[in-house]
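Here's the structure we're looking at; comments come further down.
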Amino acid sequence: MLDSINFTDLSRRQVVEVLSWRNHPAIRNHMRNKETISLTEHLQFIEQLSTVTSKRYFYVHEKCEGVGTFSLTGIKDGSAEIGIYVNPFLHSKGYGNQIIDFMINYAFDLQNLSTLFLEVYKDNAIAVQFYEKNDFIKYDESNDMYMMKLQSQQIPHKR
C-alpha cells in the first residue's frame with residue numbers, strides 16, 4: 001500500500017534519492033527544465049516549499065522503498081496543476097497507475113479540489129496515453145504540448 005511524505009519532511013537520503021530520479025534522463029528529458037539540477041538547487045527548492053501554500057510535492061513510497069513523486073502546483077479556486085513521475089530505477093510495472101490513483105484521491109478527497117490540470121509533451125505518447133487511460137481529457141494544445149484536465153465529477157467517487 002502506498003503512502004506519501006511531504007518534500008519538506010524528507011530525510012537527507014530521500015532528498016538525494018528524489019534528485020537522482022529527477023536528473024535521470026528518462027525523467028529529465030520530459031520536464032520543462034531539462035537541465036540537470038544540483039543538490040544545492042534541489043535543497044533550495046525544498047526549503048522554499050515550506051513557505052508556499054500554492055504548491056505541494058510528495059515522495060511516494062511502498063513500505064520503505066521510494067516509488068515516485070507527485071505534485072500539486074498553482075493550487076487555487078478548487079484546482080491545481082499536477083506532476084507525477086515514477087522512480088526510473090524500478091523495473092516493476094504498475095507504480096504509475098498506483099501513484100496517480102493515490103494522487104487523485106488525495107487531491108479530490110483530502111484537498112477538496114474539483115479540477116486537475118496538466119501539460120504533457122505531444123511527442124511523449126506513452127504519457128499521453130497514460131493520462132487518457134486515467135480519464136484526463138485534452139482541452140487545448142500548443143505547438144508541442146497538450147493541455148489536459150480531470151474534473152472530480154468525471155470519475156467514480158472512489159477509484
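Labels for the C-alpha cells follow display order: chains A, B, ..., residues from 1 in each chain, ligands from 1.
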Shell of 9 Å around Leu39 in chain A, only C-alpha atoms, local chain residues under 6 positions omitted, as a PyMOL selection string: chain A and resi 15-16+19
Residues of the last selection are to be written out with C-alpha atoms, as a PDB file, in the first residue's frame.
ATOM      1  CA  VAL A  15      16.145  14.162  -0.817  1.00  0.00           C
ATOM      2  CA  VAL A  16      19.161  12.723  -2.644  1.00  0.00           C
ATOM      3  CA  LEU A  19      17.161  14.288  -7.012  1.00  0.00           C
TER       4      LEU A  19
END
Residue contacts of range 128-138 of chain A (9 Å, only C-alpha atoms) excluding same-chain residues fewer than 4 positions away, as a ChimeraX atom specification: /A:96-97,100-101,116-118,120-124,146-151,154-155
Atomic distance CA of Ser114 in chain A - CA of Ser152 in chain A, expressed in Å with one decimal: 5.1 Å
Contact residues around range 77-91 of chain A with only C-alpha atoms at 8 Å, ignoring same-chain residues under 5 positions, as a VMD selection string: chain A and resid 21 24 26 to 27 66 to 72 96 99 to 100 112 to 118
Same residues, N, CA and C atoms, output as a compact mmCIF listing (two decimals), in the first residue's frame:
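Generated file (out-v4.txt):
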# COMPACT_ATOMS: atom_id res chain seq x y z
N TRP A 21 16.33 10.67 -9.21
CA TRP A 21 15.23 10.36 -10.13
C TRP A 21 15.01 11.52 -11.09
N HIS A 24 17.58 11.79 -13.79
CA HIS A 24 17.69 10.65 -14.70
C HIS A 24 17.16 11.08 -16.07
N ALA A 26 15.52 9.67 -18.37
CA ALA A 26 14.15 9.24 -18.68
C ALA A 26 13.12 10.20 -18.08
N ILE A 27 13.47 10.87 -17.00
CA ILE A 27 12.57 11.85 -16.36
C ILE A 27 12.89 13.25 -16.87
N GLY A 66 11.11 3.98 -2.07
CA GLY A 66 10.57 5.10 -2.83
C GLY A 66 10.15 4.64 -4.21
N VAL A 67 8.91 4.97 -4.61
CA VAL A 67 8.41 4.53 -5.91
C VAL A 67 8.14 5.68 -6.87
N GLY A 68 8.10 6.92 -6.37
CA GLY A 68 7.86 8.05 -7.26
C GLY A 68 7.48 9.31 -6.52
N THR A 69 7.02 10.29 -7.28
CA THR A 69 6.61 11.56 -6.70
C THR A 69 5.34 12.05 -7.38
N PHE A 70 4.65 12.94 -6.69
CA PHE A 70 3.58 13.70 -7.34
C PHE A 70 3.56 15.09 -6.76
N SER A 71 3.04 16.01 -7.55
CA SER A 71 2.95 17.40 -7.09
C SER A 71 1.61 18.00 -7.47
N LEU A 72 1.21 18.96 -6.66
CA LEU A 72 0.07 19.82 -6.94
C LEU A 72 0.61 21.24 -6.89
N GLY A 96 3.00 3.71 -11.78
CA GLY A 96 2.39 4.93 -12.31
C GLY A 96 0.91 4.97 -12.04
N ILE A 99 0.33 5.46 -8.27
CA ILE A 99 0.63 6.82 -7.82
C ILE A 99 -0.46 7.79 -8.28
N ILE A 100 -0.91 7.67 -9.53
CA ILE A 100 -1.93 8.61 -9.99
C ILE A 100 -3.24 8.40 -9.24
N ASN A 112 -10.10 18.57 -1.36
CA ASN A 112 -11.37 19.09 -1.89
C ASN A 112 -11.20 19.88 -3.18
N LEU A 113 -10.26 19.46 -4.01
CA LEU A 113 -10.11 20.08 -5.32
C LEU A 113 -11.16 19.50 -6.26
N SER A 114 -11.51 20.26 -7.28
CA SER A 114 -12.52 19.78 -8.23
C SER A 114 -11.95 19.56 -9.63
N THR A 115 -10.80 20.20 -9.94
CA THR A 115 -10.22 20.06 -11.27
C THR A 115 -8.71 19.95 -11.17
N LEU A 116 -8.15 18.99 -11.91
CA LEU A 116 -6.71 18.82 -12.01
C LEU A 116 -6.30 19.06 -13.45
N PHE A 117 -5.26 19.83 -13.63
CA PHE A 117 -4.74 20.17 -14.96
C PHE A 117 -3.34 19.60 -15.10
N LEU A 118 -2.92 19.40 -16.35
CA LEU A 118 -1.54 19.02 -16.63
C LEU A 118 -1.20 19.42 -18.05
DSSP-assigned alpha helix (DSSP H) among range 11-159 of chain A, expressed as number ranges by chain: A: 12-23, 25-28, 39-49, 95-105, 125-133
Kindly save the residues from that selection, with N, CA and C atoms included, as a short mmCIF file (atom, residue, chain, number, x, y, z; two decimals), in the first residue's frame.
data_model
loop_
_atom_site.label_atom_id
_atom_site.label_comp_id
_atom_site.auth_asym_id
_atom_site.auth_seq_id
_atom_site.Cartn_x
_atom_site.Cartn_y
_atom_site.Cartn_z
N ARG A 12 17.52 13.26 4.53
CA ARG A 12 18.59 13.60 3.57
C ARG A 12 18.71 12.53 2.49
N ARG A 13 18.61 11.25 2.89
CA ARG A 13 18.68 10.15 1.94
C ARG A 13 17.56 10.25 0.91
N GLN A 14 16.35 10.56 1.35
CA GLN A 14 15.22 10.67 0.44
C GLN A 14 15.36 11.88 -0.49
N VAL A 15 15.90 12.98 0.02
CA VAL A 15 16.14 14.16 -0.82
C VAL A 15 17.09 13.80 -1.96
N VAL A 16 18.17 13.12 -1.64
CA VAL A 16 19.16 12.72 -2.64
C VAL A 16 18.55 11.71 -3.62
N GLU A 17 17.74 10.82 -3.10
CA GLU A 17 17.08 9.83 -3.95
C GLU A 17 16.16 10.51 -4.98
N VAL A 18 15.33 11.45 -4.52
CA VAL A 18 14.42 12.17 -5.43
C VAL A 18 15.23 12.93 -6.48
N LEU A 19 16.31 13.56 -6.07
CA LEU A 19 17.16 14.29 -7.01
C LEU A 19 17.72 13.34 -8.08
N SER A 20 18.12 12.14 -7.68
CA SER A 20 18.65 11.19 -8.67
C SER A 20 17.57 10.78 -9.66
N TRP A 21 16.33 10.67 -9.21
CA TRP A 21 15.23 10.36 -10.13
C TRP A 21 15.01 11.52 -11.09
N ARG A 22 14.93 12.74 -10.54
CA ARG A 22 14.66 13.94 -11.33
C ARG A 22 15.73 14.15 -12.41
N ASN A 23 16.97 13.84 -12.08
CA ASN A 23 18.06 14.05 -13.03
C ASN A 23 18.27 12.88 -14.00
N PRO A 25 17.87 10.76 -17.16
CA PRO A 25 17.43 11.20 -18.49
C PRO A 25 15.99 10.81 -18.84
N ALA A 26 15.52 9.67 -18.37
CA ALA A 26 14.15 9.24 -18.68
C ALA A 26 13.12 10.20 -18.08
N ILE A 27 13.47 10.87 -17.00
CA ILE A 27 12.57 11.85 -16.36
C ILE A 27 12.89 13.25 -16.87
N ARG A 28 14.16 13.63 -16.77
CA ARG A 28 14.60 15.00 -17.09
C ARG A 28 14.21 15.42 -18.50
N LEU A 39 22.47 19.51 -6.24
CA LEU A 39 21.96 19.27 -4.89
C LEU A 39 21.62 20.60 -4.21
N THR A 40 22.45 21.61 -4.38
CA THR A 40 22.18 22.92 -3.78
C THR A 40 20.86 23.50 -4.29
N GLU A 41 20.65 23.44 -5.60
CA GLU A 41 19.39 23.95 -6.18
C GLU A 41 18.20 23.16 -5.64
N HIS A 42 18.36 21.86 -5.54
CA HIS A 42 17.28 20.99 -5.05
C HIS A 42 16.94 21.32 -3.60
N LEU A 43 17.96 21.50 -2.78
CA LEU A 43 17.74 21.85 -1.37
C LEU A 43 17.07 23.21 -1.23
N GLN A 44 17.47 24.17 -2.06
CA GLN A 44 16.84 25.49 -2.03
C GLN A 44 15.37 25.40 -2.44
N PHE A 45 15.08 24.60 -3.45
CA PHE A 45 13.70 24.40 -3.89
C PHE A 45 12.85 23.83 -2.75
N ILE A 46 13.36 22.80 -2.09
CA ILE A 46 12.61 22.17 -0.99
C ILE A 46 12.43 23.15 0.15
N GLU A 47 13.44 23.92 0.45
CA GLU A 47 13.35 24.92 1.53
C GLU A 47 12.25 25.94 1.25
N GLN A 48 12.15 26.42 0.01
CA GLN A 48 11.12 27.42 -0.29
C GLN A 48 9.71 26.83 -0.24
N LEU A 49 9.58 25.51 -0.38
CA LEU A 49 8.26 24.89 -0.29
C LEU A 49 7.62 25.07 1.08
N TYR A 95 3.43 1.06 -10.99
CA TYR A 95 3.50 2.12 -9.99
C TYR A 95 2.91 3.43 -10.49
N GLY A 96 3.00 3.71 -11.78
CA GLY A 96 2.39 4.93 -12.31
C GLY A 96 0.91 4.97 -12.04
N ASN A 97 0.22 3.88 -12.29
CA ASN A 97 -1.22 3.81 -12.03
C ASN A 97 -1.53 3.94 -10.54
N GLN A 98 -0.72 3.29 -9.72
CA GLN A 98 -0.95 3.38 -8.28
C GLN A 98 -0.72 4.81 -7.77
N ILE A 99 0.33 5.46 -8.27
CA ILE A 99 0.63 6.82 -7.82
C ILE A 99 -0.46 7.79 -8.28
N ILE A 100 -0.91 7.67 -9.53
CA ILE A 100 -1.93 8.61 -9.99
C ILE A 100 -3.24 8.40 -9.24
N ASP A 101 -3.61 7.15 -8.95
CA ASP A 101 -4.80 6.91 -8.14
C ASP A 101 -4.65 7.53 -6.75
N PHE A 102 -3.50 7.34 -6.15
CA PHE A 102 -3.21 7.91 -4.83
C PHE A 102 -3.33 9.43 -4.87
N MET A 103 -2.71 10.04 -5.90
CA MET A 103 -2.72 11.49 -6.05
C MET A 103 -4.13 12.03 -6.29
N ILE A 104 -4.90 11.36 -7.15
CA ILE A 104 -6.27 11.80 -7.44
C ILE A 104 -7.12 11.73 -6.17
N ASN A 105 -7.01 10.65 -5.43
CA ASN A 105 -7.76 10.55 -4.18
C ASN A 105 -7.34 11.63 -3.19
N ALA A 125 4.20 10.03 -26.23
CA ALA A 125 2.99 9.26 -26.49
C ALA A 125 2.62 8.34 -25.33
N ILE A 126 3.60 7.77 -24.66
CA ILE A 126 3.30 6.89 -23.54
C ILE A 126 2.60 7.66 -22.43
N ALA A 127 3.08 8.87 -22.12
CA ALA A 127 2.45 9.67 -21.07
C ALA A 127 1.06 10.14 -21.49
N VAL A 128 0.90 10.56 -22.74
CA VAL A 128 -0.41 10.99 -23.23
C VAL A 128 -1.41 9.85 -23.07
N GLN A 129 -1.03 8.67 -23.51
CA GLN A 129 -1.90 7.50 -23.40
C GLN A 129 -2.19 7.17 -21.93
N PHE A 130 -1.19 7.28 -21.08
CA PHE A 130 -1.35 7.03 -19.64
C PHE A 130 -2.40 7.97 -19.05
N TYR A 131 -2.29 9.27 -19.34
CA TYR A 131 -3.25 10.22 -18.78
C TYR A 131 -4.65 10.01 -19.35
N GLU A 132 -4.75 9.71 -20.63
CA GLU A 132 -6.07 9.42 -21.21
C GLU A 132 -6.70 8.19 -20.56
N LYS A 133 -5.89 7.18 -20.32
CA LYS A 133 -6.37 5.97 -19.66
C LYS A 133 -6.87 6.26 -18.25
#
All strand (DSSP E) positions in range 4-104 of chain A, as a VMD selection string: chain A and resid 4 to 6 56 to 62 65 to 76 79 to 86
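Interatomic distance, CA of Gly74 in chain A against CA of Asn29 in chain A: 22.5 Å.
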